[in-house]
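Printed here is final31.cif (mmCIF, C-alpha atoms):
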```
data_target
#
loop_
_atom_site.group_PDB
_atom_site.id
_atom_site.type_symbol
_atom_site.label_atom_id
_atom_site.label_comp_id
_atom_site.auth_asym_id
_atom_site.auth_seq_id
_atom_site.Cartn_x
_atom_site.Cartn_y
_atom_site.Cartn_z
ATOM 1 C CA MET W 63 0.000 0.000 0.000
ATOM 2 C CA THR W 64 1.276 3.407 -0.928
ATOM 3 C CA SER W 65 1.630 5.836 1.944
ATOM 4 C CA PRO W 66 -0.189 9.217 1.732
ATOM 5 C CA SER W 67 3.105 11.084 1.483
ATOM 6 C CA ARG W 68 4.321 8.714 -1.267
ATOM 7 C CA ALA W 69 1.042 9.164 -3.174
ATOM 8 C CA LEU W 70 1.357 12.910 -2.898
ATOM 9 C CA LEU W 71 4.890 12.770 -4.292
ATOM 10 C CA ILE W 72 3.798 10.608 -7.230
ATOM 11 C CA THR W 73 0.886 12.938 -7.968
ATOM 12 C CA ALA W 74 3.216 15.931 -7.933
ATOM 13 C CA LEU W 75 5.612 14.195 -10.291
ATOM 14 C CA CYS W 76 2.785 13.262 -12.630
ATOM 15 C CA VAL W 77 1.639 16.860 -12.738
ATOM 16 C CA ALA W 78 5.166 18.037 -13.349
ATOM 17 C CA LEU W 79 5.731 15.532 -16.167
ATOM 18 C CA ALA W 80 2.355 15.994 -17.839
ATOM 19 C CA PRO W 81 2.508 17.552 -21.315
ATOM 20 C CA ILE W 82 1.803 21.294 -21.443
ATOM 21 C CA PRO W 83 -1.381 22.080 -23.397
ATOM 22 C CA ALA W 84 -0.823 23.774 -26.764
ATOM 23 C CA PHE W 85 -2.555 26.996 -25.692
ATOM 24 C CA ALA W 86 -0.265 27.243 -22.656
ATOM 25 C CA GLN W 87 2.771 26.762 -24.868
ATOM 26 C CA ARG W 88 1.622 29.592 -27.130
ATOM 27 C CA ALA W 89 1.094 31.879 -24.113
ATOM 28 C CA ARG W 90 4.572 31.313 -22.736
ATOM 29 C CA LYS W 91 6.735 34.440 -23.088
ATOM 30 C CA PRO W 92 10.043 34.043 -24.887
ATOM 31 C CA ALA W 93 13.121 34.073 -22.704
ATOM 32 C CA ALA W 94 14.599 37.528 -22.193
ATOM 33 C CA LYS W 95 17.622 38.202 -24.372
ATOM 34 C CA PRO W 96 20.856 38.764 -22.462
ATOM 35 C CA ALA W 97 22.105 42.345 -22.441
ATOM 36 C CA PRO W 98 24.725 42.991 -25.115
ATOM 37 C CA ALA W 99 28.316 43.096 -23.972
ATOM 38 C CA LEU W 100 29.704 46.472 -23.017
ATOM 39 C CA ASP W 101 31.450 48.310 -25.833
ATOM 40 C CA MET W 102 34.756 48.781 -24.028
ATOM 41 C CA SER W 103 36.277 50.658 -26.956
ATOM 42 C CA ALA W 104 33.480 53.256 -26.752
ATOM 43 C CA LEU W 105 33.943 53.470 -22.978
ATOM 44 C CA GLN W 106 37.700 53.973 -23.367
ATOM 45 C CA THR W 107 37.092 56.681 -25.967
ATOM 46 C CA GLN W 108 34.665 58.540 -23.721
ATOM 47 C CA VAL W 109 37.027 58.394 -20.735
ATOM 48 C CA MET W 110 39.921 59.593 -22.915
ATOM 49 C CA LEU W 111 37.868 62.547 -24.152
ATOM 50 C CA ASP W 112 36.618 63.423 -20.667
ATOM 51 C CA ARG W 113 40.158 63.466 -19.282
ATOM 52 C CA ALA W 114 41.361 65.650 -22.172
ATOM 53 C CA GLY W 115 38.668 68.276 -21.582
ATOM 54 C CA PHE W 116 36.576 67.324 -24.611
ATOM 55 C CA SER W 117 33.454 66.140 -22.842
ATOM 56 C CA PRO W 118 31.338 63.466 -24.541
ATOM 57 C CA GLY W 119 28.536 64.289 -22.110
ATOM 58 C CA GLU W 120 27.204 61.411 -20.056
ATOM 59 C CA ILE W 121 29.523 58.392 -20.295
ATOM 60 C CA ASP W 122 27.421 55.408 -21.348
ATOM 61 C CA ALA W 123 29.789 53.173 -23.367
ATOM 62 C CA SER W 124 28.021 54.146 -26.581
ATOM 63 C CA SER W 125 29.426 55.962 -29.614
ATOM 64 C CA GLY W 126 26.599 58.470 -29.986
ATOM 65 C CA THR W 127 26.530 61.828 -31.741
ATOM 66 C CA SER W 128 27.967 63.781 -28.797
ATOM 67 C CA THR W 129 30.901 61.368 -28.499
ATOM 68 C CA LYS W 130 31.625 61.525 -32.219
ATOM 69 C CA ARG W 131 31.552 65.328 -32.229
ATOM 70 C CA ALA W 132 33.800 65.502 -29.162
ATOM 71 C CA LEU W 133 36.234 63.070 -30.809
ATOM 72 C CA ASP W 134 36.302 65.166 -33.994
ATOM 73 C CA ALA W 135 37.052 68.312 -31.955
ATOM 74 C CA PHE W 136 39.731 66.432 -29.993
ATOM 75 C CA VAL W 137 41.488 65.243 -33.161
ATOM 76 C CA LYS W 138 41.160 68.676 -34.796
ATOM 77 C CA ASN W 139 43.024 70.118 -31.821
ATOM 78 C CA GLY W 140 45.891 67.645 -32.008
ATOM 79 C CA GLY W 141 44.510 64.708 -30.045
ATOM 80 C CA ASP W 142 45.290 61.099 -30.923
ATOM 81 C CA ALA W 143 42.091 59.114 -31.416
ATOM 82 C CA ASN W 144 43.987 55.849 -30.988
ATOM 83 C CA ALA W 145 45.501 56.690 -27.596
ATOM 84 C CA LEU W 146 42.811 54.808 -25.694
ATOM 85 C CA PRO W 147 43.537 54.433 -21.967
ATOM 86 C CA ALA W 148 44.078 50.943 -20.614
ATOM 87 C CA ASP W 149 42.856 52.144 -17.217
ATOM 88 C CA ALA W 150 39.463 53.459 -18.363
ATOM 89 C CA VAL W 151 37.790 51.700 -15.421
ATOM 90 C CA THR W 152 38.873 51.940 -11.809
ATOM 91 C CA THR W 153 37.643 50.701 -8.436
ATOM 92 C CA TYR W 154 35.852 52.952 -5.966
ATOM 93 C CA THR W 155 34.816 52.097 -2.412
ATOM 94 C CA ILE W 156 31.449 53.531 -1.441
ATOM 95 C CA THR W 157 31.724 55.527 1.784
ATOM 96 C CA GLU W 158 29.291 55.865 4.664
ATOM 97 C CA GLN W 159 28.755 59.479 3.631
ATOM 98 C CA ASP W 160 27.940 58.421 0.060
ATOM 99 C CA ALA W 161 25.328 55.955 1.282
ATOM 100 C CA ALA W 162 23.834 58.259 3.909
ATOM 101 C CA GLY W 163 22.512 60.837 1.471
ATOM 102 C CA PRO W 164 20.072 62.308 2.285
ATOM 103 C CA PHE W 165 18.282 61.624 -0.967
ATOM 104 C CA THR W 166 15.120 63.107 -2.446
ATOM 105 C CA THR W 167 13.588 59.808 -3.491
ATOM 106 C CA ALA W 168 10.284 61.074 -4.916
ATOM 107 C CA ILE W 169 10.593 64.095 -7.185
ATOM 108 C CA PRO W 170 7.355 65.198 -8.862
ATOM 109 C CA GLU W 171 7.273 66.411 -12.468
ATOM 110 C CA ASP W 172 4.972 69.324 -11.649
ATOM 111 C CA MET W 173 6.856 72.573 -10.977
ATOM 112 C CA VAL W 174 4.487 73.773 -8.280
ATOM 113 C CA GLU W 175 4.777 70.441 -6.476
ATOM 114 C CA LYS W 176 8.575 70.654 -6.751
ATOM 115 C CA SER W 177 8.464 74.028 -4.993
ATOM 116 C CA LYS W 178 6.961 72.371 -1.913
ATOM 117 C CA LEU W 179 10.075 70.242 -1.310
ATOM 118 C CA PRO W 180 12.858 71.445 1.040
ATOM 119 C CA ALA W 181 15.601 70.538 -1.476
ATOM 120 C CA LEU W 182 16.088 68.697 -4.758
ATOM 121 C CA GLY W 183 18.941 66.342 -3.907
ATOM 122 C CA TYR W 184 19.939 63.216 -5.743
ATOM 123 C CA SER W 185 17.191 60.625 -5.993
ATOM 124 C CA SER W 186 19.523 57.706 -5.211
ATOM 125 C CA ILE W 187 23.111 56.806 -4.489
ATOM 126 C CA VAL W 188 23.459 55.449 -8.035
ATOM 127 C CA GLU W 189 22.433 58.815 -9.477
ATOM 128 C CA ALA W 190 24.865 60.615 -7.150
ATOM 129 C CA LEU W 191 27.743 58.322 -8.111
ATOM 130 C CA GLY W 192 26.805 58.660 -11.775
ATOM 131 C CA GLU W 193 27.280 62.431 -11.585
ATOM 132 C CA ARG W 194 30.516 62.072 -9.626
ATOM 133 C CA PHE W 195 32.002 59.828 -12.302
ATOM 134 C CA HIS W 196 30.221 61.464 -15.269
ATOM 135 C CA ALA W 197 28.424 58.212 -16.021
ATOM 136 C CA SER W 198 24.890 57.046 -16.650
ATOM 137 C CA PRO W 199 23.341 55.133 -13.731
ATOM 138 C CA ASN W 200 22.629 52.315 -16.169
ATOM 139 C CA LEU W 201 26.327 52.033 -17.024
ATOM 140 C CA LEU W 202 27.230 51.784 -13.327
ATOM 141 C CA LYS W 203 24.728 48.964 -12.943
ATOM 142 C CA ARG W 204 26.093 47.168 -15.990
ATOM 143 C CA LEU W 205 29.658 47.524 -14.719
ATOM 144 C CA ASN W 206 28.551 46.141 -11.346
ATOM 145 C CA PRO W 207 25.922 43.433 -11.887
ATOM 146 C CA GLY W 208 24.367 42.364 -8.622
ATOM 147 C CA ALA W 209 25.858 45.267 -6.646
ATOM 148 C CA THR W 210 23.722 46.729 -3.855
ATOM 149 C CA PHE W 211 25.659 50.022 -3.831
ATOM 150 C CA ALA W 212 25.920 49.976 -0.053
ATOM 151 C CA ALA W 213 28.622 51.523 2.130
ATOM 152 C CA GLY W 214 31.833 49.506 1.907
ATOM 153 C CA ASP W 215 31.037 48.048 -1.527
ATOM 154 C CA GLN W 216 33.848 48.206 -4.060
ATOM 155 C CA ILE W 217 32.452 49.087 -7.448
ATOM 156 C CA LYS W 218 33.833 49.673 -10.933
ATOM 157 C CA VAL W 219 33.497 53.228 -12.271
ATOM 158 C CA PRO W 220 34.845 55.222 -15.246
ATOM 159 C CA ALA W 221 38.309 56.507 -14.355
ATOM 160 C CA VAL W 222 37.624 60.208 -14.848
ATOM 161 C CA THR W 223 38.517 63.151 -12.661
ATOM 162 C CA GLU W 224 35.737 63.112 -10.104
ATOM 163 C CA THR W 225 33.232 65.936 -9.891
ATOM 164 C CA VAL W 226 32.108 65.940 -6.280
ATOM 165 C CA GLN W 227 28.727 67.569 -5.825
ATOM 166 C CA PRO W 228 26.785 67.707 -2.540
ATOM 167 C CA VAL W 229 24.541 64.669 -2.092
ATOM 168 C CA GLY W 230 22.170 66.245 0.413
ATOM 169 C CA PRO W 231 20.864 69.767 0.888
ATOM 170 C CA PRO W 232 22.601 72.556 -1.071
ATOM 171 C CA ARG W 233 25.627 74.246 0.405
ATOM 172 C CA GLY W 234 23.760 77.522 0.790
ATOM 173 C CA ARG W 235 26.149 79.516 -1.391
ATOM 174 C CA GLN W 236 23.744 81.420 -3.625
ATOM 175 C CA SER W 237 26.112 83.958 -5.169
ATOM 176 C CA ASP W 238 29.556 83.327 -6.580
ATOM 177 C CA ALA W 239 30.037 86.241 -8.950
ATOM 178 C CA VAL W 240 33.813 86.142 -9.433
ATOM 179 C CA ALA W 241 35.786 83.237 -10.848
ATOM 180 C CA SER W 242 39.569 82.864 -10.785
ATOM 181 C CA PRO W 243 41.337 86.187 -11.529
ATOM 182 C CA GLN W 244 43.915 84.184 -13.490
ATOM 183 C CA ASN W 245 41.383 83.649 -16.272
ATOM 184 C CA PRO W 246 42.109 86.191 -19.027
ATOM 185 C CA ALA W 247 39.390 88.644 -20.051
ATOM 186 C CA ALA W 248 39.905 87.408 -23.616
ATOM 187 C CA THR W 249 38.368 84.018 -22.721
ATOM 188 C CA THR W 250 35.452 83.400 -25.104
ATOM 189 C CA ILE W 251 32.591 80.921 -24.937
ATOM 190 C CA THR W 252 31.123 79.960 -28.315
ATOM 191 C CA VAL W 253 27.890 77.982 -28.475
ATOM 192 C CA ARG W 254 26.907 76.578 -31.869
ATOM 193 C CA LYS W 255 23.287 75.742 -32.559
ATOM 194 C CA SER W 256 24.038 73.582 -35.622
ATOM 195 C CA THR W 257 26.388 71.229 -33.789
ATOM 196 C CA SER W 258 24.895 71.475 -30.279
ATOM 197 C CA ASP W 259 28.240 72.117 -28.642
ATOM 198 C CA LEU W 260 30.217 74.681 -26.687
ATOM 199 C CA VAL W 261 33.881 75.623 -26.946
ATOM 200 C CA VAL W 262 35.851 77.805 -24.525
ATOM 201 C CA VAL W 263 39.102 79.325 -25.796
ATOM 202 C CA ASP W 264 41.615 81.683 -24.221
ATOM 203 C CA GLY W 265 43.142 84.765 -25.810
ATOM 204 C CA THR W 266 45.604 82.657 -27.824
ATOM 205 C CA GLY W 267 42.905 80.417 -29.252
ATOM 206 C CA LYS W 268 43.792 77.459 -27.041
ATOM 207 C CA VAL W 269 40.789 75.276 -26.266
ATOM 208 C CA LEU W 270 40.131 75.250 -22.529
ATOM 209 C CA MET W 271 36.968 73.195 -22.710
ATOM 210 C CA TYR W 272 34.607 71.449 -25.127
ATOM 211 C CA ALA W 273 31.165 70.102 -24.200
ATOM 212 C CA PRO W 274 27.854 69.055 -25.745
ATOM 213 C CA VAL W 275 24.903 71.359 -25.044
ATOM 214 C CA THR W 276 21.199 71.686 -25.650
ATOM 215 C CA THR W 277 20.212 74.975 -27.263
ATOM 216 C CA GLY W 278 16.663 76.296 -27.549
ATOM 217 C CA SER W 279 13.757 74.999 -29.614
ATOM 218 C CA GLU W 280 11.386 76.206 -32.319
ATOM 219 C CA HIS W 281 9.340 77.877 -29.566
ATOM 220 C CA ASP W 282 12.353 79.381 -27.763
ATOM 221 C CA PRO W 283 15.207 79.697 -30.277
ATOM 222 C CA LEU W 284 18.755 80.413 -29.185
ATOM 223 C CA PRO W 285 19.229 84.220 -29.261
ATOM 224 C CA LEU W 286 22.071 84.453 -31.778
ATOM 225 C CA GLY W 287 24.612 87.202 -31.177
ATOM 226 C CA ASP W 288 27.293 88.372 -28.762
ATOM 227 C CA TRP W 289 26.658 88.564 -25.032
ATOM 228 C CA LYS W 290 28.667 88.750 -21.830
ATOM 229 C CA VAL W 291 28.714 86.890 -18.529
ATOM 230 C CA THR W 292 27.320 88.979 -15.657
ATOM 231 C CA GLY W 293 27.847 86.479 -12.853
ATOM 232 C CA VAL W 294 27.672 82.907 -11.588
ATOM 233 C CA GLN W 295 25.245 81.367 -9.105
ATOM 234 C CA ARG W 296 26.076 78.005 -7.579
ATOM 235 C CA ASP W 297 23.298 75.810 -6.181
ATOM 236 C CA PRO W 298 20.735 78.271 -7.542
ATOM 237 C CA LYS W 299 17.095 78.343 -6.699
ATOM 238 C CA PHE W 300 14.927 78.421 -9.807
ATOM 239 C CA HIS W 301 12.304 81.134 -10.054
ATOM 240 C CA TYR W 302 9.561 79.567 -12.129
ATOM 241 C CA ASN W 303 7.370 82.008 -14.055
ATOM 242 C CA PRO W 304 4.767 80.158 -16.163
ATOM 243 C CA LYS W 305 4.374 83.192 -18.436
ATOM 244 C CA LEU W 306 7.871 82.535 -19.783
ATOM 245 C CA PHE W 307 7.117 78.891 -20.691
ATOM 246 C CA TRP W 308 4.974 78.102 -23.695
ATOM 247 C CA ASP W 309 4.270 74.607 -22.337
ATOM 248 C CA ALA W 310 3.391 75.648 -18.758
ATOM 249 C CA GLU W 311 0.392 74.004 -17.135
ATOM 250 C CA PRO W 312 -2.739 76.198 -17.276
ATOM 251 C CA GLY W 313 -3.429 77.792 -13.915
ATOM 252 C CA HIS W 314 0.166 77.564 -12.702
ATOM 253 C CA ALA W 315 1.416 80.436 -10.574
ATOM 254 C CA LYS W 316 4.945 81.663 -9.971
ATOM 255 C CA ALA W 317 6.970 79.384 -7.705
ATOM 256 C CA THR W 318 10.482 79.143 -6.285
ATOM 257 C CA ILE W 319 12.036 75.727 -6.901
ATOM 258 C CA PRO W 320 14.555 74.720 -4.191
ATOM 259 C CA ALA W 321 18.235 74.222 -4.945
ATOM 260 C CA GLY W 322 19.960 70.904 -5.559
ATOM 261 C CA PRO W 323 21.331 68.794 -8.434
ATOM 262 C CA ASN W 324 17.771 67.906 -9.480
ATOM 263 C CA ASN W 325 16.788 71.566 -9.712
ATOM 264 C CA PRO W 326 15.642 72.424 -13.282
ATOM 265 C CA VAL W 327 18.882 74.397 -13.842
ATOM 266 C CA GLY W 328 21.134 71.969 -12.003
ATOM 267 C CA VAL W 329 24.042 73.003 -9.801
ATOM 268 C CA ALA W 330 25.066 76.266 -11.469
ATOM 269 C CA TRP W 331 23.597 79.189 -13.414
ATOM 270 C CA ILE W 332 25.863 81.434 -15.517
ATOM 271 C CA ASP W 333 23.970 84.643 -16.114
ATOM 272 C CA ILE W 334 24.462 86.671 -19.309
ATOM 273 C CA THR W 335 23.452 90.109 -20.558
ATOM 274 C CA ARG W 336 20.434 88.718 -22.443
ATOM 275 C CA GLU W 337 17.516 88.892 -19.975
ATOM 276 C CA HIS W 338 16.086 85.523 -18.849
ATOM 277 C CA TYR W 339 18.905 83.615 -20.580
ATOM 278 C CA GLY W 340 21.915 81.798 -19.201
ATOM 279 C CA LEU W 341 24.073 78.675 -19.312
ATOM 280 C CA HIS W 342 23.182 76.086 -16.699
ATOM 281 C CA GLY W 343 23.211 72.491 -15.542
ATOM 282 C CA THR W 344 20.461 69.895 -15.730
ATOM 283 C CA PRO W 345 18.957 67.044 -13.677
ATOM 284 C CA GLU W 346 18.838 64.919 -16.860
ATOM 285 C CA PRO W 347 22.364 64.596 -18.285
ATOM 286 C CA ALA W 348 21.304 61.911 -20.761
ATOM 287 C CA THR W 349 19.208 64.477 -22.654
ATOM 288 C CA VAL W 350 22.013 67.007 -23.252
ATOM 289 C CA GLY W 351 22.544 67.538 -26.954
ATOM 290 C CA LYS W 352 19.444 65.492 -27.774
ATOM 291 C CA THR W 353 16.348 67.437 -26.684
ATOM 292 C CA ALA W 354 15.100 71.011 -26.789
ATOM 293 C CA SER W 355 15.373 73.635 -24.057
ATOM 294 C CA HIS W 356 13.492 76.822 -23.319
ATOM 295 C CA GLY W 357 16.095 78.921 -25.100
ATOM 296 C CA CYS W 358 18.902 78.654 -22.560
ATOM 297 C CA VAL W 359 22.076 76.596 -22.954
ATOM 298 C CA ARG W 360 21.995 73.383 -20.959
ATOM 299 C CA LEU W 361 25.029 71.267 -19.985
ATOM 300 C CA THR W 362 25.599 68.307 -17.690
ATOM 301 C CA ASN W 363 26.118 69.329 -14.074
ATOM 302 C CA TRP W 364 29.808 68.377 -14.190
ATOM 303 C CA ASP W 365 30.410 70.341 -17.394
ATOM 304 C CA VAL W 366 28.667 73.482 -16.116
ATOM 305 C CA THR W 367 30.714 73.195 -12.898
ATOM 306 C CA LYS W 368 33.900 73.290 -14.979
ATOM 307 C CA LEU W 369 32.562 76.105 -17.158
ATOM 308 C CA ALA W 370 31.708 78.189 -14.096
ATOM 309 C CA SER W 371 35.354 77.955 -12.995
ATOM 310 C CA LEU W 372 36.548 79.366 -16.334
ATOM 311 C CA VAL W 373 34.405 82.506 -16.540
ATOM 312 C CA ARG W 374 34.113 85.820 -14.754
ATOM 313 C CA PRO W 375 31.909 88.884 -15.246
ATOM 314 C CA GLY W 376 32.699 90.271 -18.684
ATOM 315 C CA THR W 377 33.605 86.947 -20.327
ATOM 316 C CA LYS W 378 32.423 87.057 -23.949
ATOM 317 C CA VAL W 379 29.641 84.643 -24.959
ATOM 318 C CA VAL W 380 28.868 84.043 -28.633
ATOM 319 C CA PHE W 381 25.681 82.263 -29.715
ATOM 320 C CA ALA W 382 26.233 81.183 -33.321
ATOM 321 C CA GLU W 383 24.286 79.320 -35.936
#
```

As structure tokens:
Amino acid sequence: MTSPSRALLITALCVALAPIPAFAQRARKPAAKPAPALDMSALQTQVMLDRAGFSPGEIDASSGTSTKRALDAFVKNGGDANALPADAVTTYTITEQDAAGPFTTAIPEDMVEKSKLPALGYSSIVEALGERFHASPNLLKRLNPGATFAAGDQIKVPAVTETVQPVGPPRGRQSDAVASPQNPAATTITVRKSTSDLVVVDGTGKVLMYAPVTTGSEHDPLPLGDWKVTGVQRDPKFHYNPKLFWDAEPGHAKATIPAGPNNPVGVAWIDITREHYGLHGTPEPATVGKTASHGCVRLTNWDVTKLASLVRPGTKVVFAE
């Protein structure tokens, strides 16, 4: 006689070995395709460009338009496209401070709702580390499969010069009008609409910086012409005026959006002589050079941080076709 437990086991095996009905087979989802291997050559190229001051924008191990344009500018200025670094990836140990945040985990899209938050910090440690190492959060996850990104974890990151931005509340420094006095007055920023890029040169024509940018839209075109820098604000608050935005929500009122890396203008605002226009950062580095803006010039937060260190009141700004 078969025991109850033995009978149960046999029944389970019979169920497991029974043929799957045809309709169930048709309903079965195909197995997910494995993610393609990282393009290490593209990653090496992006790290090389970043180190040389020819920013490819957000490092994502992809040879997109911004990377190709940065590489062309690099080669045009004497760079060797074949000098790819063997040490394009390095190891970083996540600190307690990195993991502690604080983070702004739920950031609404609505401007008025944003204004109700105390600060617009990073939404996660992966986003914060992405900005520090100029990389997309997705790339960090692909470089570190299975990582929890907790304090003490050793992770692989692009080997760029780190840009350390505050993870938590802003530093409170709202005005920073004077950059290094060593920067010559002849320093010129040229933004080109046709190529969606920015070049900074000194009085001798030497390139101090190259970066991809987003410039205007059909509703808010880039105001072509010559302008000048009037000052720099770090960790700026954003004064939202719906009358200046063609796509503002009906019924919206003016609002002050708190500072932080996820502020609409990022971590720095470079004011110019054209009213309501400036060069600034962004909470969405992946969109730089790819989407429209409301007329201003948008860079990644790490690129605008570098740009802010190169200008002073009076620096010439050229917006060109």

inquiry  = Taking the file as I've supplied it (selection: the PyMOL selection byres ((chain W and resi 269-278) around 7)), which residues are included? Please answer as JSON, numbers by chain.
reply    = {"W": [115, 116, 117, 118, 119, 128, 255, 258, 259, 260, 261, 262, 263, 264, 267, 268, 279, 282, 283, 284, 350, 351, 352, 353, 354, 355, 356, 357, 358, 359, 360, 361, 365]}

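Within the file as shown, the PyMOL selection byres ((chain W and resi 299) around 10) identifies Ser177, Ala181, Leu182, Pro232, Gln236, Gln295, Arg296, Asp297, Pro298, Phe300, His301, Tyr302, Thr318, Ile319, Pro320, Ala321, Gly322, Asn325, Pro326, Val327, Gly328, Val329, Ala330 and Trp331 of chain W.
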
Dump C-alpha atoms for the selected residues as a PDB file, in the frame of the given file?
```pdb
ATOM      1  CA  SER W 177       8.464  74.028  -4.993  1.00  0.00           C
ATOM      2  CA  ALA W 181      15.601  70.538  -1.476  1.00  0.00           C
ATOM      3  CA  LEU W 182      16.088  68.697  -4.758  1.00  0.00           C
ATOM      4  CA  PRO W 232      22.601  72.556  -1.071  1.00  0.00           C
ATOM      5  CA  GLN W 236      23.744  81.420  -3.625  1.00  0.00           C
ATOM      6  CA  GLN W 295      25.245  81.367  -9.105  1.00  0.00           C
ATOM      7  CA  ARG W 296      26.076  78.005  -7.579  1.00  0.00           C
ATOM      8  CA  ASP W 297      23.298  75.810  -6.181  1.00  0.00           C
ATOM      9  CA  PRO W 298      20.735  78.271  -7.542  1.00  0.00           C
ATOM     10  CA  PHE W 300      14.927  78.421  -9.807  1.00  0.00           C
ATOM     11  CA  HIS W 301      12.304  81.134 -10.054  1.00  0.00           C
ATOM     12  CA  TYR W 302       9.561  79.567 -12.129  1.00  0.00           C
ATOM     13  CA  THR W 318      10.482  79.143  -6.285  1.00  0.00           C
ATOM     14  CA  ILE W 319      12.036  75.727  -6.901  1.00  0.00           C
ATOM     15  CA  PRO W 320      14.555  74.720  -4.191  1.00  0.00           C
ATOM     16  CA  ALA W 321      18.235  74.222  -4.945  1.00  0.00           C
ATOM     17  CA  GLY W 322      19.960  70.904  -5.559  1.00  0.00           C
ATOM     18  CA  ASN W 325      16.788  71.566  -9.712  1.00  0.00           C
ATOM     19  CA  PRO W 326      15.642  72.424 -13.282  1.00  0.00           C
ATOM     20  CA  VAL W 327      18.882  74.397 -13.842  1.00  0.00           C
ATOM     21  CA  GLY W 328      21.134  71.969 -12.003  1.00  0.00           C
ATOM     22  CA  VAL W 329      24.042  73.003  -9.801  1.00  0.00           C
ATOM     23  CA  ALA W 330      25.066  76.266 -11.469  1.00  0.00           C
ATOM     24  CA  TRP W 331      23.597  79.189 -13.414  1.00  0.00           C
TER      25      TRP W 331
END
```

query = When the PyMOL selection byres ((chain W and resi 148) around 12) is applied to the file above, which residues end up in the set, as a PyMOL selection string?
reply = chain W and resi 102-103+105-107+109-110+144-147+149-152+220-221

Mind dumping the selected residues with C-alpha atoms as a PDB file, in the frame of the given file?
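Dumped to out29.pdb:
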```pdb
ATOM      1  CA  MET W 102      34.756  48.781 -24.028  1.00  0.00           C
ATOM      2  CA  SER W 103      36.277  50.658 -26.956  1.00  0.00           C
ATOM      3  CA  LEU W 105      33.943  53.470 -22.978  1.00  0.00           C
ATOM      4  CA  GLN W 106      37.700  53.973 -23.367  1.00  0.00           C
ATOM      5  CA  THR W 107      37.092  56.681 -25.967  1.00  0.00           C
ATOM      6  CA  VAL W 109      37.027  58.394 -20.735  1.00  0.00           C
ATOM      7  CA  MET W 110      39.921  59.593 -22.915  1.00  0.00           C
ATOM      8  CA  ASN W 144      43.987  55.849 -30.988  1.00  0.00           C
ATOM      9  CA  ALA W 145      45.501  56.690 -27.596  1.00  0.00           C
ATOM     10  CA  LEU W 146      42.811  54.808 -25.694  1.00  0.00           C
ATOM     11  CA  PRO W 147      43.537  54.433 -21.967  1.00  0.00           C
ATOM     12  CA  ASP W 149      42.856  52.144 -17.217  1.00  0.00           C
ATOM     13  CA  ALA W 150      39.463  53.459 -18.363  1.00  0.00           C
ATOM     14  CA  VAL W 151      37.790  51.700 -15.421  1.00  0.00           C
ATOM     15  CA  THR W 152      38.873  51.940 -11.809  1.00  0.00           C
ATOM     16  CA  PRO W 220      34.845  55.222 -15.246  1.00  0.00           C
ATOM     17  CA  ALA W 221      38.309  56.507 -14.355  1.00  0.00           C
TER      18      ALA W 221
END
```

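In this comparison, which uses all atoms listed in the file, the residue of W:Ala213, W:Val291, W:Ile334, W:Leu202 approaching W:Glu189 most closely is W:Leu202.
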
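Distance-wise, atom CA of W:Glu158 and atom CA of W:Leu179 end up 24.7 Å apart.
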
Pairwise distance for atom CA of W:Pro304 and atom CA of W:Asp172, rounded to one decimal in Å =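 Separation between atom CA of W:Pro304 and atom CA of W:Asp172: 11.7 Å.
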
ask   = W:Ile121: which residues within 7 Å, counting only C-alpha atoms, same-chain residues fewer than 5 positions away excluded, as a list in words?
value =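 The residues that qualify are Gln108, His196, Ala197 and Ser198 of chain W.
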
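Computed from the coordinates, the atom CA of W:Thr344 to atom CA of W:Trp364 distance equals 9.6 Å.
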
Shell around stretch 185-188 of chain W at 10 Å using all atoms listed in the file, local window under 3 positions removed, as a list in words =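 Counting all atoms listed in the file, the residues come to Ile156, Asp160, Ala161, Ala162, Gly163, Pro164, Phe165, Thr166, Thr167, Ala168, Ile169, Leu182, Leu191, Gly192, Glu193, Arg194, Ala197, Ser198, Pro199, Asn200, Leu202, Lys203, Thr210, Phe211, Ala212, Val229, Gly230, Pro323 and Asn324 of chain W.
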
request  = Could you tell me which of W:Leu201, W:Ala114, W:Val253, W:Ala143 comes closest to W:Val379 if we count only C-alpha atoms?
outcome  = W:Val253

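Of the residues under consideration (W:Phe195, W:Ser125, W:Thr377, W:Leu111), W:Leu111 shows the shortest atom-to-atom contact distance to W:Val137 when counting only C-alpha atoms.
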
Draw an axis-aligned box tight on the listed atoms of stretch 363-366 of chain W, then pad every side by 4 Å and write out centre and edge lengths in Å to one decimal as AutoDock Vina command-line options.
```
--center_x 28.3 --center_y 70.9 --center_z -15.7 --size_x 12.3 --size_y 13.1 --size_z 11.3
```

ask   = For W:Asp112, which residue among W:Thr223, W:Thr250, W:Thr155, W:Asn206 is the nearest when counting all atoms listed in the file?
value =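 Using all atoms listed in the file, the shortest distance to W:Asp112 belongs to W:Thr223.
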